[in-house]
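Participant: So that you have it, the file is structure.txt, and it contains compact mmCIF, N, CA and C atoms:
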# COMPACT_ATOMS: atom_id res chain seq x y z
N MET A 1 -39.52 59.84 26.05
CA MET A 1 -38.73 58.81 26.65
C MET A 1 -38.62 59.03 28.15
N LYS A 2 -38.70 57.99 28.89
CA LYS A 2 -38.66 58.09 30.33
C LYS A 2 -37.22 58.07 30.81
N LYS A 3 -36.90 58.96 31.71
CA LYS A 3 -35.54 59.02 32.24
C LYS A 3 -35.50 58.29 33.56
N PHE A 4 -34.40 57.53 33.77
CA PHE A 4 -34.21 56.79 35.01
C PHE A 4 -33.44 57.66 35.99
N SER A 5 -33.70 57.46 37.24
CA SER A 5 -33.00 58.24 38.24
C SER A 5 -31.57 57.72 38.41
N VAL A 6 -30.70 58.55 38.83
CA VAL A 6 -29.30 58.20 39.01
C VAL A 6 -29.17 57.16 40.13
N VAL A 7 -29.95 57.28 41.15
CA VAL A 7 -29.88 56.35 42.27
C VAL A 7 -30.31 54.96 41.82
N GLY A 8 -31.35 54.85 41.02
CA GLY A 8 -31.80 53.56 40.51
C GLY A 8 -30.75 52.91 39.63
N LEU A 9 -30.09 53.71 38.81
CA LEU A 9 -29.03 53.18 37.97
C LEU A 9 -27.85 52.71 38.80
N LEU A 10 -27.51 53.44 39.87
CA LEU A 10 -26.40 53.03 40.72
C LEU A 10 -26.73 51.72 41.46
N ILE A 11 -27.95 51.60 41.94
CA ILE A 11 -28.35 50.36 42.62
C ILE A 11 -28.29 49.18 41.65
N SER A 12 -28.76 49.39 40.45
CA SER A 12 -28.72 48.34 39.43
C SER A 12 -27.28 47.96 39.09
N ALA A 13 -26.39 48.94 38.98
CA ALA A 13 -24.99 48.68 38.64
C ALA A 13 -24.31 47.91 39.76
N VAL A 14 -24.57 48.25 41.01
CA VAL A 14 -23.95 47.55 42.14
C VAL A 14 -24.49 46.12 42.21
N THR A 15 -25.78 45.97 42.03
CA THR A 15 -26.39 44.63 42.07
C THR A 15 -25.82 43.74 40.97
N LEU A 16 -25.74 44.27 39.77
CA LEU A 16 -25.20 43.48 38.65
C LEU A 16 -23.71 43.18 38.86
N SER A 17 -22.98 44.10 39.48
CA SER A 17 -21.56 43.85 39.75
C SER A 17 -21.39 42.72 40.76
N VAL A 18 -22.24 42.71 41.80
CA VAL A 18 -22.14 41.65 42.81
C VAL A 18 -22.51 40.31 42.17
N ILE A 19 -23.54 40.28 41.35
CA ILE A 19 -23.93 39.04 40.68
C ILE A 19 -22.82 38.57 39.74
N ALA A 20 -22.22 39.48 38.98
CA ALA A 20 -21.14 39.10 38.07
C ALA A 20 -19.93 38.59 38.86
N LEU A 21 -19.63 39.22 39.99
CA LEU A 21 -18.52 38.77 40.82
C LEU A 21 -18.81 37.40 41.39
N PHE A 22 -20.03 37.16 41.81
CA PHE A 22 -20.41 35.85 42.35
C PHE A 22 -20.34 34.77 41.26
N LEU A 23 -20.75 35.10 40.06
CA LEU A 23 -20.69 34.12 38.97
C LEU A 23 -19.25 33.87 38.53
N TYR A 24 -18.41 34.90 38.62
CA TYR A 24 -17.02 34.75 38.21
C TYR A 24 -16.24 33.89 39.20
N ASP A 25 -16.35 34.17 40.50
CA ASP A 25 -15.62 33.42 41.52
C ASP A 25 -16.48 33.35 42.78
N PRO A 26 -17.30 32.30 42.92
CA PRO A 26 -18.21 32.24 44.07
C PRO A 26 -17.49 32.13 45.42
N TYR A 27 -16.23 31.70 45.44
CA TYR A 27 -15.52 31.56 46.70
C TYR A 27 -15.17 32.92 47.33
N LEU A 28 -15.20 33.99 46.56
CA LEU A 28 -14.98 35.31 47.12
C LEU A 28 -16.08 35.66 48.12
N LEU A 29 -17.31 35.27 47.82
CA LEU A 29 -18.41 35.57 48.72
C LEU A 29 -18.60 34.50 49.77
N TYR A 30 -18.23 33.26 49.48
CA TYR A 30 -18.40 32.18 50.46
C TYR A 30 -17.53 32.41 51.69
N SER A 31 -16.32 32.91 51.51
CA SER A 31 -15.45 33.12 52.66
C SER A 31 -16.04 34.17 53.61
N ARG A 32 -16.65 35.18 53.09
CA ARG A 32 -17.31 36.21 53.92
C ARG A 32 -18.59 35.65 54.54
N PHE A 33 -19.26 34.78 53.85
CA PHE A 33 -20.51 34.21 54.35
C PHE A 33 -20.28 33.45 55.65
N PHE A 34 -19.20 32.68 55.73
CA PHE A 34 -18.93 31.91 56.94
C PHE A 34 -18.42 32.79 58.08
N ASP A 35 -17.92 33.99 57.77
CA ASP A 35 -17.56 34.92 58.84
C ASP A 35 -18.79 35.34 59.63
N TYR A 36 -19.92 35.45 58.96
CA TYR A 36 -21.14 35.91 59.62
C TYR A 36 -21.96 34.76 60.20
N THR A 37 -21.96 33.62 59.55
CA THR A 37 -22.83 32.53 59.99
C THR A 37 -22.10 31.45 60.76
N GLY A 38 -20.79 31.36 60.66
CA GLY A 38 -20.03 30.32 61.33
C GLY A 38 -19.88 29.10 60.43
N MET A 39 -18.89 28.30 60.74
CA MET A 39 -18.64 27.10 59.94
C MET A 39 -19.70 26.05 60.24
N PRO A 40 -20.10 25.29 59.26
CA PRO A 40 -21.08 24.24 59.52
C PRO A 40 -20.45 23.12 60.34
N ALA A 41 -21.28 22.33 61.00
CA ALA A 41 -20.80 21.22 61.82
C ALA A 41 -20.20 20.13 60.93
N TYR A 42 -19.23 19.40 61.50
CA TYR A 42 -18.57 18.32 60.76
C TYR A 42 -19.55 17.17 60.53
N GLN A 43 -19.56 16.67 59.31
CA GLN A 43 -20.37 15.50 58.99
C GLN A 43 -19.42 14.39 58.57
N ALA A 44 -19.49 13.27 59.25
CA ALA A 44 -18.62 12.13 58.93
C ALA A 44 -19.05 11.52 57.60
N PRO A 45 -18.10 11.03 56.83
CA PRO A 45 -18.48 10.39 55.56
C PRO A 45 -19.22 9.09 55.83
N PRO A 46 -20.02 8.64 54.86
CA PRO A 46 -20.73 7.37 55.06
C PRO A 46 -19.75 6.20 55.13
N ASN A 47 -20.17 5.14 55.79
CA ASN A 47 -19.32 3.96 55.91
C ASN A 47 -19.10 3.34 54.54
N ALA A 48 -17.88 2.92 54.30
CA ALA A 48 -17.54 2.31 53.01
C ALA A 48 -18.07 0.89 52.96
N LYS A 49 -18.47 0.48 51.78
CA LYS A 49 -18.91 -0.90 51.58
C LYS A 49 -17.69 -1.78 51.40
N PRO A 50 -17.70 -2.97 51.94
CA PRO A 50 -16.55 -3.86 51.74
C PRO A 50 -16.46 -4.30 50.28
N LYS A 51 -15.23 -4.50 49.82
CA LYS A 51 -15.02 -4.94 48.44
C LYS A 51 -15.51 -6.37 48.28
N PRO A 52 -16.16 -6.67 47.17
CA PRO A 52 -16.59 -8.06 46.95
C PRO A 52 -15.38 -8.94 46.69
N ASP A 53 -15.47 -10.19 47.08
CA ASP A 53 -14.38 -11.14 46.89
C ASP A 53 -14.27 -11.48 45.40
N MET A 54 -13.12 -11.18 44.81
CA MET A 54 -12.92 -11.42 43.39
C MET A 54 -12.52 -12.87 43.10
N GLY A 55 -12.06 -13.56 44.12
CA GLY A 55 -11.61 -14.92 43.90
C GLY A 55 -10.25 -14.91 43.22
N GLU A 56 -9.85 -16.05 42.73
CA GLU A 56 -8.57 -16.16 42.06
C GLU A 56 -8.72 -15.74 40.60
N ILE A 57 -7.86 -14.84 40.17
CA ILE A 57 -7.91 -14.36 38.80
C ILE A 57 -6.91 -15.15 37.96
N THR A 58 -7.39 -15.73 36.88
CA THR A 58 -6.50 -16.46 35.97
C THR A 58 -6.25 -15.60 34.74
N VAL A 59 -5.00 -15.44 34.42
CA VAL A 59 -4.64 -14.61 33.28
C VAL A 59 -4.93 -15.35 31.98
N CYS A 60 -4.53 -16.59 31.91
CA CYS A 60 -4.77 -17.41 30.72
C CYS A 60 -5.71 -18.55 31.11
N ALA A 61 -6.96 -18.36 30.86
CA ALA A 61 -7.93 -19.43 31.12
C ALA A 61 -8.00 -20.28 29.85
N GLU A 62 -7.04 -21.14 29.70
CA GLU A 62 -6.96 -21.91 28.47
C GLU A 62 -7.83 -23.16 28.56
N GLN A 63 -8.49 -23.46 27.46
CA GLN A 63 -9.36 -24.62 27.41
C GLN A 63 -8.59 -25.89 27.07
N TYR A 64 -7.52 -25.75 26.32
CA TYR A 64 -6.79 -26.91 25.83
C TYR A 64 -5.31 -26.78 26.16
N PRO A 65 -4.90 -27.06 27.40
CA PRO A 65 -3.48 -26.92 27.74
C PRO A 65 -2.60 -27.93 27.01
N GLU A 66 -3.18 -29.01 26.52
CA GLU A 66 -2.37 -30.00 25.79
C GLU A 66 -1.89 -29.48 24.44
N TRP A 67 -2.47 -28.39 23.93
CA TRP A 67 -2.03 -27.83 22.66
C TRP A 67 -0.68 -27.13 22.76
N ARG A 68 -0.18 -26.90 23.97
CA ARG A 68 1.11 -26.23 24.14
C ARG A 68 2.29 -27.12 23.79
N LYS A 69 2.13 -28.44 23.84
CA LYS A 69 3.23 -29.37 23.62
C LYS A 69 3.65 -29.37 22.14
N ALA A 70 4.85 -29.90 21.90
CA ALA A 70 5.33 -30.08 20.53
C ALA A 70 4.67 -31.34 19.95
N TYR A 71 4.31 -31.28 18.69
CA TYR A 71 3.64 -32.39 18.02
C TYR A 71 4.30 -32.67 16.68
N THR A 72 4.11 -33.90 16.20
CA THR A 72 4.38 -34.26 14.81
C THR A 72 3.09 -34.86 14.29
N ILE A 73 2.42 -34.10 13.42
CA ILE A 73 1.11 -34.50 12.92
C ILE A 73 1.16 -34.54 11.41
N GLY A 74 0.89 -35.69 10.86
CA GLY A 74 0.84 -35.82 9.40
C GLY A 74 2.14 -35.46 8.72
N GLY A 75 3.28 -35.71 9.38
CA GLY A 75 4.58 -35.38 8.80
C GLY A 75 4.99 -33.94 9.01
N ILE A 76 4.23 -33.16 9.73
CA ILE A 76 4.54 -31.76 10.01
C ILE A 76 4.99 -31.65 11.46
N ASP A 77 6.20 -31.11 11.69
CA ASP A 77 6.70 -30.89 13.05
C ASP A 77 6.21 -29.54 13.54
N ILE A 78 5.50 -29.57 14.67
CA ILE A 78 4.93 -28.35 15.25
C ILE A 78 5.64 -28.10 16.57
N GLN A 79 6.19 -26.91 16.73
CA GLN A 79 6.94 -26.56 17.94
C GLN A 79 6.00 -26.33 19.12
N ALA A 80 6.55 -26.43 20.31
CA ALA A 80 5.78 -26.10 21.52
C ALA A 80 5.48 -24.61 21.51
N SER A 81 4.34 -24.24 22.10
CA SER A 81 3.89 -22.85 22.07
C SER A 81 3.81 -22.29 23.48
N ASP A 82 4.30 -21.05 23.65
CA ASP A 82 4.20 -20.36 24.92
C ASP A 82 3.06 -19.34 24.91
N ALA A 83 2.27 -19.31 23.85
CA ALA A 83 1.19 -18.33 23.73
C ALA A 83 0.11 -18.61 24.77
N CYS A 84 -0.64 -17.59 25.07
CA CYS A 84 -1.69 -17.73 26.08
C CYS A 84 -2.76 -18.71 25.60
N ASN A 85 -3.20 -18.57 24.40
CA ASN A 85 -4.16 -19.50 23.81
C ASN A 85 -3.53 -20.06 22.53
N PRO A 86 -2.85 -21.19 22.62
CA PRO A 86 -2.17 -21.73 21.44
C PRO A 86 -3.16 -22.23 20.39
N ASP A 87 -2.67 -22.33 19.17
CA ASP A 87 -3.50 -22.81 18.06
C ASP A 87 -3.66 -24.32 18.13
N ASN A 88 -4.73 -24.79 17.56
CA ASN A 88 -4.98 -26.22 17.46
C ASN A 88 -3.88 -26.82 16.57
N PRO A 89 -3.08 -27.76 17.07
CA PRO A 89 -1.98 -28.29 16.26
C PRO A 89 -2.47 -29.03 15.01
N TYR A 90 -3.66 -29.59 15.07
CA TYR A 90 -4.20 -30.26 13.89
C TYR A 90 -4.57 -29.25 12.81
N GLU A 91 -5.07 -28.09 13.22
CA GLU A 91 -5.35 -27.04 12.24
C GLU A 91 -4.06 -26.49 11.64
N VAL A 92 -3.03 -26.37 12.47
CA VAL A 92 -1.74 -25.89 11.95
C VAL A 92 -1.22 -26.85 10.89
N ALA A 93 -1.30 -28.15 11.17
CA ALA A 93 -0.84 -29.13 10.19
C ALA A 93 -1.68 -29.06 8.91
N ALA A 94 -3.00 -28.85 9.07
CA ALA A 94 -3.87 -28.77 7.89
C ALA A 94 -3.58 -27.52 7.07
N PHE A 95 -3.27 -26.40 7.72
CA PHE A 95 -2.97 -25.18 6.98
C PHE A 95 -1.61 -25.25 6.30
N VAL A 96 -0.63 -25.88 6.95
CA VAL A 96 0.71 -25.98 6.37
C VAL A 96 0.71 -26.93 5.18
N ARG A 97 0.12 -28.08 5.36
CA ARG A 97 0.14 -29.10 4.32
C ARG A 97 -0.93 -28.84 3.26
N GLY A 98 -2.03 -28.21 3.66
CA GLY A 98 -3.18 -28.04 2.77
C GLY A 98 -4.23 -29.08 3.14
N THR A 99 -5.48 -28.65 3.23
CA THR A 99 -6.51 -29.60 3.65
C THR A 99 -6.74 -30.70 2.63
N ASN A 100 -6.32 -30.49 1.41
CA ASN A 100 -6.46 -31.55 0.41
C ASN A 100 -5.31 -32.55 0.47
N ASN A 101 -4.26 -32.27 1.26
CA ASN A 101 -3.10 -33.15 1.33
C ASN A 101 -2.92 -33.84 2.67
N VAL A 102 -3.77 -33.59 3.66
CA VAL A 102 -3.63 -34.24 4.96
C VAL A 102 -4.52 -35.47 5.01
N ILE A 103 -4.18 -36.39 5.90
CA ILE A 103 -4.97 -37.61 6.01
C ILE A 103 -6.28 -37.28 6.75
N MET A 104 -7.27 -38.12 6.55
CA MET A 104 -8.60 -37.84 7.07
C MET A 104 -8.67 -37.75 8.61
N PRO A 105 -7.93 -38.57 9.39
CA PRO A 105 -8.00 -38.40 10.85
C PRO A 105 -7.53 -37.02 11.32
N VAL A 106 -6.54 -36.45 10.63
CA VAL A 106 -6.09 -35.10 10.97
C VAL A 106 -7.17 -34.10 10.62
N LEU A 107 -7.77 -34.24 9.47
CA LEU A 107 -8.82 -33.32 9.03
C LEU A 107 -10.05 -33.41 9.92
N MET A 108 -10.33 -34.58 10.45
CA MET A 108 -11.50 -34.75 11.31
C MET A 108 -11.30 -34.08 12.68
N ARG A 109 -10.05 -33.87 13.11
CA ARG A 109 -9.79 -33.20 14.39
C ARG A 109 -9.91 -31.68 14.25
N THR A 110 -10.08 -31.20 13.04
CA THR A 110 -10.33 -29.77 12.79
C THR A 110 -11.80 -29.63 12.41
N GLN A 111 -12.24 -28.46 12.19
CA GLN A 111 -13.60 -28.26 11.69
C GLN A 111 -13.53 -27.65 10.30
N LEU A 112 -12.60 -28.16 9.51
CA LEU A 112 -12.38 -27.65 8.16
C LEU A 112 -12.88 -28.66 7.15
N SER A 113 -13.27 -28.16 6.01
CA SER A 113 -13.65 -29.07 4.93
C SER A 113 -12.40 -29.44 4.14
N ASP A 114 -12.51 -30.45 3.27
CA ASP A 114 -11.32 -30.90 2.54
C ASP A 114 -10.89 -29.93 1.45
N ASP A 115 -11.70 -28.92 1.15
CA ASP A 115 -11.31 -27.94 0.16
C ASP A 115 -11.16 -26.53 0.76
N ALA A 116 -10.93 -26.45 2.07
CA ALA A 116 -10.78 -25.14 2.71
C ALA A 116 -9.47 -24.46 2.31
N VAL A 117 -8.36 -25.19 2.35
CA VAL A 117 -7.05 -24.67 1.95
C VAL A 117 -6.45 -25.68 0.97
N ILE A 118 -6.59 -25.40 -0.29
CA ILE A 118 -6.07 -26.31 -1.32
C ILE A 118 -4.68 -25.85 -1.72
N LYS A 119 -3.73 -26.77 -1.62
CA LYS A 119 -2.36 -26.49 -2.05
C LYS A 119 -1.96 -27.56 -3.06
N LYS A 120 -1.39 -27.12 -4.19
CA LYS A 120 -0.99 -28.07 -5.24
C LYS A 120 0.11 -27.46 -6.09
N ASP A 121 0.66 -28.25 -6.97
CA ASP A 121 1.64 -27.83 -7.98
C ASP A 121 2.92 -27.24 -7.38
N ASP A 122 3.91 -28.12 -7.18
CA ASP A 122 5.23 -27.68 -6.75
C ASP A 122 5.95 -27.14 -7.98
N LEU A 123 5.92 -25.84 -8.19
CA LEU A 123 6.45 -25.23 -9.41
C LEU A 123 7.97 -25.09 -9.40
N ASP A 124 8.56 -24.85 -8.24
CA ASP A 124 10.00 -24.64 -8.19
C ASP A 124 10.79 -25.85 -7.73
N GLY A 125 10.13 -26.96 -7.43
CA GLY A 125 10.80 -28.20 -7.11
C GLY A 125 11.44 -28.27 -5.74
N ASP A 126 11.02 -27.41 -4.81
CA ASP A 126 11.63 -27.45 -3.48
C ASP A 126 10.85 -28.32 -2.49
N GLY A 127 9.79 -28.95 -2.91
CA GLY A 127 9.08 -29.90 -2.07
C GLY A 127 7.80 -29.37 -1.45
N ASP A 128 7.57 -28.07 -1.56
CA ASP A 128 6.32 -27.53 -1.02
C ASP A 128 5.42 -27.05 -2.16
N PRO A 129 4.11 -27.14 -1.99
CA PRO A 129 3.21 -26.69 -3.05
C PRO A 129 3.25 -25.16 -3.18
N ASP A 130 3.25 -24.71 -4.41
CA ASP A 130 3.35 -23.27 -4.68
C ASP A 130 2.05 -22.65 -5.16
N ASN A 131 1.13 -23.43 -5.62
CA ASN A 131 -0.11 -22.93 -6.16
C ASN A 131 -1.21 -23.10 -5.11
N ILE A 132 -1.74 -21.99 -4.63
CA ILE A 132 -2.82 -22.01 -3.63
C ILE A 132 -3.99 -21.26 -4.22
N PRO A 133 -4.91 -21.95 -4.89
CA PRO A 133 -6.03 -21.23 -5.52
C PRO A 133 -7.05 -20.77 -4.49
N LEU A 134 -7.56 -19.58 -4.69
CA LEU A 134 -8.60 -19.02 -3.83
C LEU A 134 -9.93 -19.11 -4.57
N GLU A 135 -10.90 -19.65 -3.90
CA GLU A 135 -12.22 -19.80 -4.55
C GLU A 135 -13.25 -19.01 -3.83
Take the structure from the file and write it as structure tokens.
Facilitator:
Amino acid sequence: MKKFSVVGLLISAVTLSVIALFLYDPYLLYSRFFDYTGMPAYQAPPNAKPKPDMGEITVCAEQYPEWRKAYTIGGIDIQASDACNPDNPYEVAAFVRGTNNVIMPVLMRTQLSDDAVIKKDDLDGDGDPDNIPLE
């Protein structure tokens, strides 16, 4: 087996210690580096680009502002809505009454078929249909 000299081992240990110290905290050596070489010259940051014009931002870009009003459609009273995008009042009337129980002009203002929401059979006699079959 070959024996290494003590001096070679010491040089290796010092070198590895400096590398480990540099990897652990590189700023320990950077501060000494500038003592010998001097601080680098100041470099101004690049000019900032101007922000693009965003224009006017609308929070509620509603397509149908007339849907916010109160309506009476097909015997159904629909309250005014403060929602950002209110529901189609004709669809509300069709869902409440049932698409099989609304008149055809109301159904034509929706995109529902006449058997989309079927309501029938007032079982408890309170005036509203209680049987809603799902198909």
Participant: So which residues fall inside 7 Å of (3.3, -30.3, 8.6) if we count all atoms listed in the file? Mind giving them as a list in words?
Facilitator: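 Taken together, the residues in range are Ile73, Gly74, Gly75, Ile76, Asp77, Ile78, Val92, Ala93, Ala94, Val96 and Arg97 of chain A.
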Participant: Would you compute the distance between CA of Cys60 (chain A) and CA of Asp82 (chain A)? Give it in Å to one decimal.
Facilitator: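 Calculated distance between CA of Cys60 (chain A) and CA of Asp82 (chain A) is 11.1 Å.
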Participant: Would you please work out which residue, of A:Thr110, A:Cys84, A:Pro105, A:Met39, is nearest to Glu62 (chain A) when using only N, CA and C atoms?
Facilitator: A:Cys84
Participant: Which residues in region 15-133 of chain A does DSSP call strand (DSSP E or B)? List them as number ranges by chain.
Facilitator: A: 71-73, 76-78, 120, 131
Participant: Would you mind listing what lies within 8 Å of Gln111 (chain A) as a PyMOL selection string, with only N, CA and C atoms counted and same-chain residues fewer than 3 positions away left out?
Facilitator: chain A and resi 90-91+106-108+114
Participant: What is the CA of Lys120 (chain A) to CA of Pro133 (chain A) distance in Å?
Facilitator: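 These atoms are spaced 8.5 Å apart.
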Participant: Could you tell me how far atom N of Trp67 (chain A) sits from atom C of Gln79 (chain A), in Å to one decimal place?
Facilitator: 10.0 Å
